[in-house]
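For reference, protein-v4.cif (mmCIF, C-alpha atoms and all ligand atoms):
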```cif
data_model
loop_
_atom_site.label_atom_id
_atom_site.label_comp_id
_atom_site.auth_asym_id
_atom_site.auth_seq_id
_atom_site.Cartn_x
_atom_site.Cartn_y
_atom_site.Cartn_z
CA MET A 1255 28.35 -15.79 -7.02
CA GLY A 1256 26.65 -14.46 -10.15
CA LYS A 1257 27.37 -11.03 -11.45
CA ASP A 1258 24.20 -9.81 -13.08
CA ILE A 1259 21.56 -7.51 -11.71
CA VAL A 1260 18.11 -8.79 -12.50
CA VAL A 1261 14.94 -6.71 -12.53
CA ILE A 1262 11.72 -8.68 -12.40
CA CYS A 1263 9.25 -6.82 -14.54
CA ASP A 1264 5.63 -6.48 -13.67
CA SER A 1265 3.47 -9.43 -14.71
CA GLN A 1266 0.92 -7.23 -16.48
CA GLU A 1267 2.79 -4.17 -17.67
CA TYR A 1268 6.42 -5.13 -18.05
CA ASP A 1269 7.55 -1.68 -19.16
CA GLY A 1270 5.36 0.25 -16.70
CA GLU A 1271 6.60 3.41 -14.97
CA HIS A 1272 7.51 1.56 -11.76
CA VAL A 1273 9.61 -1.03 -13.62
CA LEU A 1274 11.42 1.62 -15.68
CA GLN A 1275 12.35 3.50 -12.50
CA ILE A 1276 13.88 0.29 -11.11
CA ILE A 1277 15.66 -0.50 -14.40
CA THR A 1278 17.28 2.96 -14.28
CA LYS A 1279 18.44 2.36 -10.70
CA ALA A 1280 19.74 -1.09 -11.63
CA ARG A 1281 21.66 0.48 -14.52
CA SER A 1282 23.40 2.95 -12.22
CA LEU A 1283 24.27 0.15 -9.77
CA GLY A 1284 25.49 -1.98 -12.69
CA ASP A 1285 27.76 0.82 -13.89
CA LYS A 1286 29.28 1.08 -10.41
CA CYS A 1287 30.04 -2.64 -10.09
CA ASP A 1288 30.49 -3.53 -13.78
CA SER A 1289 27.40 -5.74 -13.95
CA LYS A 1290 24.89 -6.31 -16.69
CA VAL A 1291 21.23 -5.53 -16.12
CA SER A 1292 18.74 -8.17 -17.21
CA ALA A 1293 15.00 -7.56 -17.36
CA LEU A 1294 12.89 -10.69 -16.84
CA CYS A 1295 9.54 -10.43 -18.61
CA VAL A 1296 6.56 -12.70 -19.04
CA GLY A 1297 3.62 -11.89 -21.31
CA HIS A 1298 2.78 -10.83 -24.86
CA TRP A 1299 5.79 -9.82 -26.92
CA ASP A 1300 5.80 -6.13 -27.79
CA ASP A 1301 8.72 -4.43 -29.60
CA GLY A 1302 7.82 -1.07 -28.14
CA LYS A 1303 7.96 -2.36 -24.57
CA ALA A 1304 11.33 -4.02 -25.23
CA ASP A 1305 12.67 -0.76 -26.65
CA ASN A 1306 11.60 1.02 -23.50
CA LEU A 1307 13.45 -1.44 -21.28
CA PHE A 1308 16.66 -0.92 -23.27
CA ARG A 1309 16.18 2.83 -23.37
CA TYR A 1310 16.00 3.04 -19.58
CA GLY A 1311 19.05 0.89 -18.95
CA ALA A 1312 18.56 -2.85 -19.58
CA ASP A 1313 21.39 -4.78 -21.26
CA ASN A 1314 19.41 -7.97 -21.76
CA ILE A 1315 15.81 -8.98 -21.90
CA VAL A 1316 14.89 -12.53 -21.02
CA PHE A 1317 11.38 -13.02 -22.31
CA CYS A 1318 8.88 -15.81 -21.80
CA ARG A 1319 6.01 -15.55 -24.24
CA GLN A 1320 2.61 -16.04 -22.62
CA ASP A 1321 -0.28 -15.05 -24.79
CA GLN A 1322 -2.95 -16.55 -22.53
CA ARG A 1323 -4.05 -14.92 -19.30
CA PHE A 1324 -1.82 -16.23 -16.55
CA ASP A 1325 -1.97 -16.15 -12.77
CA THR A 1326 0.58 -15.21 -10.13
CA PRO A 1327 1.69 -18.74 -9.15
CA TYR A 1328 2.37 -19.46 -12.82
CA PHE A 1329 4.29 -16.19 -13.17
CA VAL A 1330 6.41 -16.99 -10.10
CA GLU A 1331 7.30 -20.45 -11.42
CA ILE A 1332 8.48 -19.04 -14.74
CA ILE A 1333 10.50 -16.30 -13.08
CA ALA A 1334 12.05 -18.82 -10.66
CA ASP A 1335 13.26 -20.91 -13.60
CA MET A 1336 14.69 -17.84 -15.32
CA VAL A 1337 16.54 -16.87 -12.14
CA LYS A 1338 17.91 -20.41 -11.81
CA GLN A 1339 19.41 -20.07 -15.26
CA ILE A 1340 21.01 -16.67 -14.64
CA ILE A 1341 21.99 -16.91 -10.93
CA PRO A 1342 22.24 -13.15 -10.49
CA LYS A 1343 23.94 -11.19 -7.75
CA ILE A 1344 21.12 -8.74 -7.16
CA ILE A 1345 17.38 -9.07 -7.84
CA LEU A 1346 15.12 -6.02 -7.75
CA VAL A 1347 11.36 -6.35 -7.78
CA PRO A 1348 8.56 -3.74 -7.81
CA ALA A 1349 6.98 -3.57 -4.33
CA THR A 1350 3.53 -4.39 -5.66
CA VAL A 1351 1.31 -7.16 -4.28
CA ILE A 1352 2.46 -9.61 -6.98
CA GLY A 1353 6.04 -8.34 -6.80
CA LYS A 1354 6.24 -8.87 -3.06
CA MET A 1355 4.76 -12.32 -3.33
CA THR A 1356 7.22 -13.22 -6.08
CA ALA A 1357 10.15 -11.84 -4.08
CA ALA A 1358 9.15 -13.73 -0.93
CA ILE A 1359 8.96 -17.05 -2.78
CA LEU A 1360 12.23 -16.51 -4.65
CA SER A 1361 14.05 -15.51 -1.49
CA THR A 1362 13.18 -18.80 0.21
CA ARG A 1363 13.89 -20.89 -2.88
CA PHE A 1364 17.28 -19.31 -3.52
CA GLU A 1365 18.12 -18.57 0.12
CA ALA A 1366 18.48 -14.94 -0.85
CA GLY A 1367 18.49 -12.02 1.57
CA LEU A 1368 15.41 -9.87 1.01
CA THR A 1369 14.67 -6.29 2.04
CA ALA A 1370 11.11 -5.13 1.47
CA ASP A 1371 9.91 -1.64 0.52
CA CYS A 1372 13.34 -0.16 -0.25
CA ILE A 1373 13.62 3.56 -0.64
CA ASP A 1374 17.28 3.47 -1.68
CA ILE A 1375 19.90 0.99 -2.80
CA ASP A 1376 23.60 1.76 -3.10
CA PHE A 1377 27.12 0.67 -2.30
CA ASP A 1378 28.88 1.88 0.83
CA GLU A 1379 32.48 3.11 0.97
CA THR A 1380 33.73 -0.50 1.21
CA GLY A 1381 31.81 -1.47 -1.91
CA GLU A 1382 29.14 -3.48 -0.08
CA LEU A 1383 25.56 -3.19 -1.27
CA TYR A 1384 22.98 -1.89 1.18
CA PHE A 1385 19.23 -1.40 0.99
CA SER A 1386 17.56 1.48 2.82
CA ARG A 1387 14.05 1.28 4.19
CA ALA A 1388 11.87 2.92 6.82
CA ALA A 1389 11.71 1.05 10.14
CA ILE A 1390 10.34 1.35 13.69
CA ASN A 1391 7.06 2.99 12.73
CA ASP A 1392 8.73 5.08 10.05
CA SER A 1393 10.83 6.83 12.71
CA VAL A 1394 14.23 5.77 11.29
CA ILE A 1395 15.75 4.82 7.95
CA ALA A 1396 17.56 1.50 8.34
CA LYS A 1397 20.45 0.50 6.09
CA ILE A 1398 20.36 -3.24 5.56
CA LYS A 1399 23.11 -5.48 4.22
CA CYS A 1400 22.61 -9.07 3.19
CA ILE A 1401 25.21 -11.31 4.75
CA ASN A 1402 25.85 -15.00 4.16
CA CYS A 1403 23.79 -15.18 1.00
CA SER A 1404 24.75 -15.27 -2.62
CA ILE A 1405 21.74 -13.35 -3.93
CA MET A 1406 20.63 -9.99 -2.52
CA MET A 1407 17.03 -9.03 -3.17
CA GLY A 1408 14.97 -5.93 -2.64
CA THR A 1409 11.42 -4.91 -3.39
CA VAL A 1410 11.35 -1.27 -4.43
CA LYS A 1411 8.57 1.22 -3.80
CA LYS A 1412 7.17 3.29 -6.63
CA ASP A 1413 8.50 6.81 -7.26
CA VAL A 1414 11.59 6.49 -5.07
CA PHE A 1415 13.84 6.45 -8.15
CA ILE A 1416 13.59 8.64 -11.22
CA LYS A 1417 13.65 6.95 -14.60
CA LYS A 1418 16.34 8.13 -17.00
CA GLU A 1419 16.96 7.33 -20.65
CA TYR A 1420 20.24 5.57 -21.50
CA ASP A 1421 19.48 4.32 -25.01
CA ARG A 1422 21.52 1.15 -24.94
CA ARG A 1423 19.50 -0.42 -27.79
CA GLU A 1424 22.67 -1.19 -29.74
CA GLN A 1425 24.04 -3.37 -26.98
CA GLY A 1426 20.76 -5.01 -26.06
CA THR A 1427 20.18 -8.72 -26.41
CA ILE A 1428 16.86 -10.51 -26.25
CA GLU A 1429 16.67 -14.11 -25.17
CA GLU A 1430 13.48 -16.07 -25.59
CA PHE A 1431 12.87 -18.34 -22.65
CA THR A 1432 10.79 -21.48 -22.91
CA TYR A 1433 9.17 -22.79 -19.82
CA ASN A 1434 7.95 -26.36 -19.85
CA GLY A 1435 7.24 -27.47 -16.34
CA ILE A 1436 4.10 -25.48 -15.60
CA GLU A 1437 1.40 -27.99 -14.90
CA GLU A 1438 3.19 -30.40 -12.60
CA LYS A 1439 4.91 -27.57 -10.72
CA ARG A 1440 1.67 -25.66 -10.31
CA SER A 1441 -0.26 -28.59 -8.97
CA ASP A 1442 2.64 -29.58 -6.71
CA SER A 1443 2.86 -26.33 -4.88
CA TRP A 1444 -0.38 -24.40 -5.40
CA GLU A 1445 -4.03 -25.00 -5.21
CA VAL A 1446 -6.28 -22.00 -5.69
CA LEU A 1447 -9.42 -22.76 -3.69
CA GLU A 1448 -11.26 -19.51 -4.16
CA ARG A 1449 -10.60 -16.04 -5.49
CA ILE A 1450 -11.86 -13.20 -3.36
CA GLU A 1451 -11.76 -9.78 -4.98
CA LYS A 1452 -10.73 -7.22 -2.43
CA GLU A 1453 -12.37 -3.85 -2.72
CA VAL A 1454 -9.69 -1.24 -2.26
CA LYS A 1455 -11.20 1.73 -0.52
CA LYS A 1456 -9.62 5.13 -0.84
CA ASP A 1457 -8.47 6.32 2.57
CA ILE A 1458 -10.60 9.18 3.85
CA ASP A 1459 -8.73 12.21 5.08
CA ILE A 1460 -10.78 12.99 8.16
CA ASN A 1461 -8.22 15.61 9.09
CA SER A 1462 -9.29 17.81 6.23
CA TYR A 1463 -12.60 18.63 7.98
CA LYS A 1464 -12.80 21.92 9.88
CA LYS A 1465 -16.13 20.83 11.36
CA VAL A 1466 -16.85 17.25 12.47
CA PHE A 1467 -19.87 15.44 13.83
CA CYS A 1468 -18.87 12.46 15.94
CA ILE A 1469 -21.18 9.49 16.33
CA GLY A 1470 -21.13 7.47 19.55
CA ARG A 1471 -23.03 4.45 20.80
CA GLY A 1472 -25.84 6.75 21.88
CA VAL A 1473 -26.81 6.76 18.18
CA LYS A 1474 -28.85 3.62 18.20
CA ASN A 1475 -30.38 3.26 14.78
CA LYS A 1476 -29.80 3.83 11.08
CA GLU A 1477 -32.40 6.59 10.83
CA THR A 1478 -30.59 8.72 13.41
CA LEU A 1479 -27.29 7.99 11.69
CA GLU A 1480 -28.73 9.13 8.34
CA ARG A 1481 -30.14 12.30 9.90
CA ILE A 1482 -26.68 13.14 11.27
CA TYR A 1483 -25.07 12.52 7.86
CA SER A 1484 -27.66 14.69 6.15
CA ILE A 1485 -27.27 17.61 8.57
CA ALA A 1486 -23.48 17.26 8.42
CA GLU A 1487 -23.61 17.57 4.64
CA LYS A 1488 -25.73 20.71 4.85
CA CYS A 1489 -23.31 22.23 7.38
CA GLY A 1490 -20.18 21.19 5.47
CA ALA A 1491 -19.08 18.89 8.32
CA GLY A 1492 -17.35 15.52 8.14
CA VAL A 1493 -18.63 12.52 10.10
CA VAL A 1494 -16.36 10.50 12.40
CA GLY A 1495 -17.07 7.97 15.14
CA THR A 1496 -15.94 6.18 18.26
CA ARG A 1497 -14.50 2.69 18.24
CA ALA A 1498 -17.78 1.41 19.68
CA VAL A 1499 -19.73 2.43 16.57
CA VAL A 1500 -16.99 1.17 14.25
CA GLU A 1501 -17.25 -2.21 15.95
CA GLU A 1502 -21.01 -2.15 15.54
CA GLY A 1503 -20.55 -1.54 11.83
CA PHE A 1504 -22.20 1.90 11.93
CA ILE A 1505 -19.22 3.68 10.47
CA ASP A 1506 -16.03 2.86 8.58
CA LYS A 1507 -12.79 2.14 10.47
CA ALA A 1508 -11.16 4.92 8.44
CA ARG A 1509 -13.39 7.36 10.34
CA GLN A 1510 -12.52 6.12 13.83
CA VAL A 1511 -11.05 8.78 16.10
CA GLY A 1512 -8.89 7.97 19.09
CA GLN A 1513 -5.99 5.95 20.38
CA SER A 1514 -6.40 3.09 17.94
CA GLY A 1515 -7.86 5.32 15.23
CA LYS A 1516 -6.85 8.73 13.96
CA SER A 1517 -6.17 12.06 15.60
CA ILE A 1518 -8.01 15.10 14.34
CA SER A 1519 -7.72 18.82 14.97
CA PRO A 1520 -10.94 20.42 13.71
CA HIS A 1521 -12.13 23.90 14.54
CA ILE A 1522 -15.35 22.45 15.94
CA TYR A 1523 -16.16 18.91 17.11
CA VAL A 1524 -19.78 18.00 17.95
CA SER A 1525 -20.38 14.61 19.56
CA PHE A 1526 -23.69 12.73 19.65
CA GLY A 1527 -23.94 10.04 22.33
CA VAL A 1528 -20.22 9.78 23.03
CA SER A 1529 -19.29 8.99 26.66
CA GLY A 1530 -15.81 10.56 26.53
CA ALA A 1531 -13.51 7.59 27.24
CA SER A 1532 -9.86 8.62 27.44
CA GLN A 1533 -9.02 6.42 24.44
CA HIS A 1534 -11.41 8.50 22.37
CA MET A 1535 -10.56 11.89 23.82
CA VAL A 1536 -6.85 11.51 23.03
CA GLY A 1537 -7.80 11.73 19.36
CA ILE A 1538 -9.54 15.10 19.71
CA LYS A 1539 -7.21 16.84 22.12
CA ASN A 1540 -6.38 19.39 19.43
CA ALA A 1541 -10.00 20.27 18.64
CA GLU A 1542 -10.56 23.98 19.23
CA ILE A 1543 -14.22 23.82 20.32
CA ILE A 1544 -15.89 20.71 21.76
CA VAL A 1545 -19.67 20.43 21.84
CA ALA A 1546 -21.18 17.34 23.49
CA VAL A 1547 -24.71 15.94 23.44
CA ASN A 1548 -25.41 13.25 26.01
CA THR A 1549 -28.38 12.26 28.18
CA ASP A 1550 -26.11 11.46 31.12
CA LYS A 1551 -25.10 14.66 32.91
CA ASN A 1552 -22.18 12.79 34.49
CA ALA A 1553 -20.72 11.64 31.17
CA ALA A 1554 -16.94 12.15 31.10
CA ILE A 1555 -17.12 14.07 27.84
CA PHE A 1556 -18.67 17.03 29.68
CA ASP A 1557 -15.36 17.45 31.54
CA TYR A 1558 -13.77 18.36 28.22
CA ALA A 1559 -16.67 20.12 26.49
CA ASP A 1560 -16.82 23.84 25.83
CA TYR A 1561 -20.59 23.52 25.27
CA SER A 1562 -22.55 20.77 27.05
CA MET A 1563 -26.06 19.68 26.06
CA VAL A 1564 -27.66 17.25 28.50
CA ASP A 1565 -30.33 16.09 26.12
CA ASN A 1566 -31.52 13.38 23.81
CA ILE A 1567 -29.79 13.21 20.41
CA GLU A 1568 -33.12 13.29 18.55
CA ALA A 1569 -34.18 16.50 20.28
CA VAL A 1570 -30.92 18.22 19.39
CA LEU A 1571 -31.12 16.99 15.79
CA ASN A 1572 -34.61 18.48 15.46
CA GLU A 1573 -33.18 21.88 16.34
CA LEU A 1574 -30.10 21.44 14.18
CA GLU A 1575 -32.25 20.54 11.19
CA LYS A 1576 -34.13 23.81 11.53
CA ILE A 1577 -30.86 25.77 11.68
CA ALA A 1578 -29.32 23.87 8.76
CA GLU A 1579 -32.39 24.47 6.58
CA ALA A 1580 -32.78 28.14 7.54
C1 LIG B 1 -6.72 -0.29 23.73
C2 LIG B 1 -8.00 0.46 23.48
C3 LIG B 1 -8.03 1.33 22.43
C4 LIG B 1 -9.21 2.04 22.17
N1 LIG B 1 -9.22 2.91 21.13
C5 LIG B 1 -10.31 3.67 20.92
C6 LIG B 1 -10.33 4.65 19.89
O1 LIG B 1 -9.40 4.78 19.10
N2 LIG B 1 -11.45 5.39 19.75
C7 LIG B 1 -12.55 5.26 20.56
O2 LIG B 1 -13.52 5.97 20.37
N3 LIG B 1 -12.55 4.32 21.54
C8 LIG B 1 -11.47 3.53 21.73
N4 LIG B 1 -11.51 2.59 22.71
C9 LIG B 1 -12.81 2.29 23.35
C10 LIG B 1 -13.15 3.25 24.47
O3 LIG B 1 -12.59 2.79 25.67
C11 LIG B 1 -14.68 3.34 24.64
O4 LIG B 1 -15.19 2.05 24.86
C12 LIG B 1 -15.41 3.96 23.46
O5 LIG B 1 -14.83 5.16 23.10
C13 LIG B 1 -16.88 4.18 23.83
O6 LIG B 1 -17.58 4.64 22.72
P1 LIG B 1 -18.92 5.44 22.89
O7 LIG B 1 -18.64 6.68 23.66
O8 LIG B 1 -19.50 5.58 21.53
O9 LIG B 1 -19.88 4.44 23.64
P2 LIG B 1 -20.35 4.38 25.16
O10 LIG B 1 -19.22 4.44 26.09
O11 LIG B 1 -21.27 3.22 25.26
O12 LIG B 1 -21.19 5.73 25.33
C14 LIG B 1 -22.45 5.98 24.78
C15 LIG B 1 -22.96 7.28 25.39
O13 LIG B 1 -24.15 7.63 24.73
C16 LIG B 1 -25.02 8.22 25.70
N5 LIG B 1 -26.37 8.07 25.17
C17 LIG B 1 -27.11 6.96 25.09
N6 LIG B 1 -28.28 7.22 24.49
C18 LIG B 1 -28.29 8.53 24.20
C19 LIG B 1 -29.23 9.39 23.57
N7 LIG B 1 -30.40 8.95 23.09
N8 LIG B 1 -28.91 10.68 23.44
C20 LIG B 1 -27.75 11.18 23.91
N9 LIG B 1 -26.83 10.41 24.51
C21 LIG B 1 -27.10 9.08 24.65
C22 LIG B 1 -24.76 7.44 26.96
O14 LIG B 1 -25.11 8.20 28.11
C23 LIG B 1 -23.26 7.20 26.87
O15 LIG B 1 -22.52 8.18 27.56
C24 LIG B 1 -10.35 1.84 22.98
C25 LIG B 1 -10.30 0.96 24.04
C26 LIG B 1 -9.14 0.29 24.29
C27 LIG B 1 -9.10 -0.68 25.45
#
```
Can the structure in the file be given as structure tokens, please?
Amino acid sequence: MGKDIVVICDSQEYDGEHVLQIITKARSLGDKCDSKVSALCVGHWDDGKADNLFRYGADNIVFCRQDQRFDTPYFVEIIADMVKQIIPKIILVPATVIGKMTAAILSTRFEAGLTADCIDIDFDETGELYFSRAAINDSVIAKIKCINCSIMMGTVKKDVFIKKEYDRREQGTIEEFTYNGIEEKRSDSWEVLERIEKEVKKDIDINSYKKVFCIGRGVKNKETLERIYSIAEKCGAGVVGTRAVVEEGFIDKARQVGQSGKSISPHIYVSFGVSGASQHMVGIKNAEIIVAVNTDKNAAIFDYADYSMVDNIEAVLNELEKIAEA
């Protein structure tokens, strides 16, 4: 079994905040078990970045110079060859999209035990390494040990460790790594068919609204939807919806209220064309005042409503518009 602790640095920013936090943690683990900490980097050489890695606890830097833009499969192949040369005891990787992908591939190649999304890493009283992570819907913190494997790996979430300066520059060594096997390895194992850019949407905090307007399937067209949004804005209300309207593409999934959506506890909830299915109502059980608009006087939502309006949505919106503009 190897002895080193390896930190795989980010493919874009190899001395980024997240990496430095992990380097610091690796340093403290290394001090406990008398291991060296090696930072594996791929990219443009930069003295300042190297200094940072030493300052926060690295003993060695293994660096593969890549001045061209490179992709993840390429990055993984280079890192895999570096790991093969070092055969470390522990590998720590930032829990980013690329980091997780790299860790998953390395763990199968090297038959390493891998714990994802670690929030702590330490040795127990018998000197065995364990990784801590949230489990069972975040209800418990599990301590995980890797058994029957020579390399123990963990992906580490950002901000769970605090970076600390060690200034080990004097002891630091830098090894330039040359990777030759790119093309044949890339074409053997990867074929990129298409790149689809994913738009990362910021999660909406629908719980921050004190007033909400809820859209149900009774809202049948875009014009009505836009009227509701416009009145909501004037009244300082947020807009949420039932699963039915999410499925119809009327509203974002992030705004779905109910069993398979979110729970909200506004001061006032006003529904437009919502039938009141139990799977929806469970999400508004903490609403203080429920107002319901529905053409069907037998709609289940009226059993829960503090104020019931048996009427057409459009008619109620006409009145609301007058109030909002007054
Ligand atoms: C496992 C599971 C999980 C689920 N999770 C959720 C969840 O998280 N959230 C959720 O909302 N649902 C959830 N559902 C779906 C739920 O059972 C209902 O199907 C859904 O809530 C119905 O949405 P709705 O009230 O908008 O539509 P509908 O039930 O179709 O109701 C539309 C209402 O609009 C009224 N209406 C029609 N036209 C007008 C008009 N012009 N003016 C006024 N009123 C009008 C109708 O009388 C009717 O009552 C889940 C279901 C399952 C099985």
Close residues to ligand LIG 1 (chain B) using only C-alpha atoms and all ligand atoms, limit 10 Å, as a ChimeraX atom specification: /A:1468-1474,1478,1494-1502,1507,1509-1517,1525-1538,1546-1556,1563-1570
Non-local contacts of segment 1364-1367 of chain A (10 Å; all atoms listed in the file; under 6 positions in same chain excluded) as number ranges by chain: A: 1334, 1337-1338, 1341, 1343-1345, 1357-1358, 1398-1408
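Between atom CA of Gly1311 of chain A and atom CA of Asp1371 of chain A there is a distance of 21.7 Å.
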Atom pair atom CA of Arg1281 of chain A / atom CA of Lys1418 of chain A: separation (Å):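 Distance between the two atoms: 9.6 Å.
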Using only C-alpha atoms: which of A:Glu1542, A:Glu1451, A:Asp1374, A:Glu1573 has the shortest distance to Val1466 of chain A: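 Going through A:Glu1542, A:Glu1451, A:Asp1374, A:Glu1573 one by one, the smallest distance to Val1466 of chain A is for A:Glu1542.
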Atom CA of Asn1461 of chain A to atom CA of Thr1350 of chain A, straight-line distance in Å: 27.5 Å
All residues 10 Å or closer to Val1330 of chain A, all atoms listed in the file, same chain fewer than 3 positions away omitted, as a VMD selection string: chain A and resid 1265 1296 1325 to 1327 1333 to 1336 1352 to 1353 1355 to 1357 1359 to 1360 1440
Residues near Phe1431 of chain A, cut-off 7 Å, all atoms listed in the file, skip fewer than 3 positions along chain, as a PyMOL selection string: chain A and resi 1316-1318
If we count only C-alpha atoms and set the cut-off at 8 Å, which residues sit around Ile1482 of chain A, ignoring sequence neighbours fewer than 3 positions away in its own chain? Please answer as a short mmCIF file (atom, residue, chain, number, x, y, z; two decimals) with C-alpha atoms, in the coordinates of the input.
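Resulting contents of result_21.cif:
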```cif
data_model
loop_
_atom_site.label_atom_id
_atom_site.label_comp_id
_atom_site.auth_asym_id
_atom_site.auth_seq_id
_atom_site.Cartn_x
_atom_site.Cartn_y
_atom_site.Cartn_z
CA PHE A 1467 -19.87 15.44 13.83
CA THR A 1478 -30.59 8.72 13.41
CA LEU A 1479 -27.29 7.99 11.69
CA ILE A 1485 -27.27 17.61 8.57
CA ALA A 1486 -23.48 17.26 8.42
CA LEU A 1571 -31.12 16.99 15.79
#
```
Pick from A:His1272, A:Lys1354, A:Lys1279, A:Lys1397, whichever lies nearest to Tyr1420 of chain A using only C-alpha atoms: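 Answer, going by the shortest atom-to-atom distance: A:Lys1279.
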Counting all atoms listed in the file, the residue of A:Thr1409, A:His1521, A:Asp1305, A:Pro1348 that sits nearest Ala1370 of chain A: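 Checking each of A:Thr1409, A:His1521, A:Asp1305, A:Pro1348 against Ala1370 of chain A, counting all atoms listed in the file, the winner is A:Thr1409.
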Selected residue of minimal separation from Ile1522 of chain A among A:Lys1464, A:Lys1488, A:Lys1412, A:Lys1303, counting all atoms listed in the file: A:Lys1464
Hey, could you pull the box centre and edge lengths for segment 1303-1316 of chain A, axis-aligned, 6 Å padding per side, all listed atoms, to one decimal in Å, as lines of an AutoDock Vina configuration file?
```
center_x = 14.7
center_y = -4.7
center_z = -22.8
size_x = 25.4
size_y = 27.6
size_z = 19.7
```
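Within a radius of 7 Å around (17.0, 0.8, 5.3), the polymer residues are Cys1372, Phe1385, Ser1386, Arg1387, Ala1388, Ile1395, Ala1396, Lys1397 and Ile1398 of chain A, counting all atoms listed in the file.
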Using all atoms listed in the file: which of A:Leu1447, A:Val1291, A:Ile1375, A:Ile1577 has the shortest distance to Thr1427 of chain A: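 Distance minimum relative to Thr1427 of chain A lands on A:Val1291.
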Closest of A:Pro1342, A:Tyr1310, A:Ile1315, A:Ile1277 to Asp1258 of chain A - atom-to-atom distances counting all atoms listed in the file: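 Result for the nearest residue to Asp1258 of chain A: A:Pro1342.
Every protein, DNA or RNA residue with an atom at most 12 Å from Gln1320 of chain A, where all atoms listed in the file count and chain neighbours fewer than 2 positions away do not, is listed here: Ser1265, Gln1266, Cys1295, Val1296, Gly1297, His1298, Trp1299, Asp1300, Phe1317, Cys1318, Gln1322, Arg1323, Phe1324, Asp1325, Tyr1328, Phe1329, Ile1332, Glu1430, Phe1431, Thr1432, Tyr1433, Asn1434 and Ile1436 of chain A.
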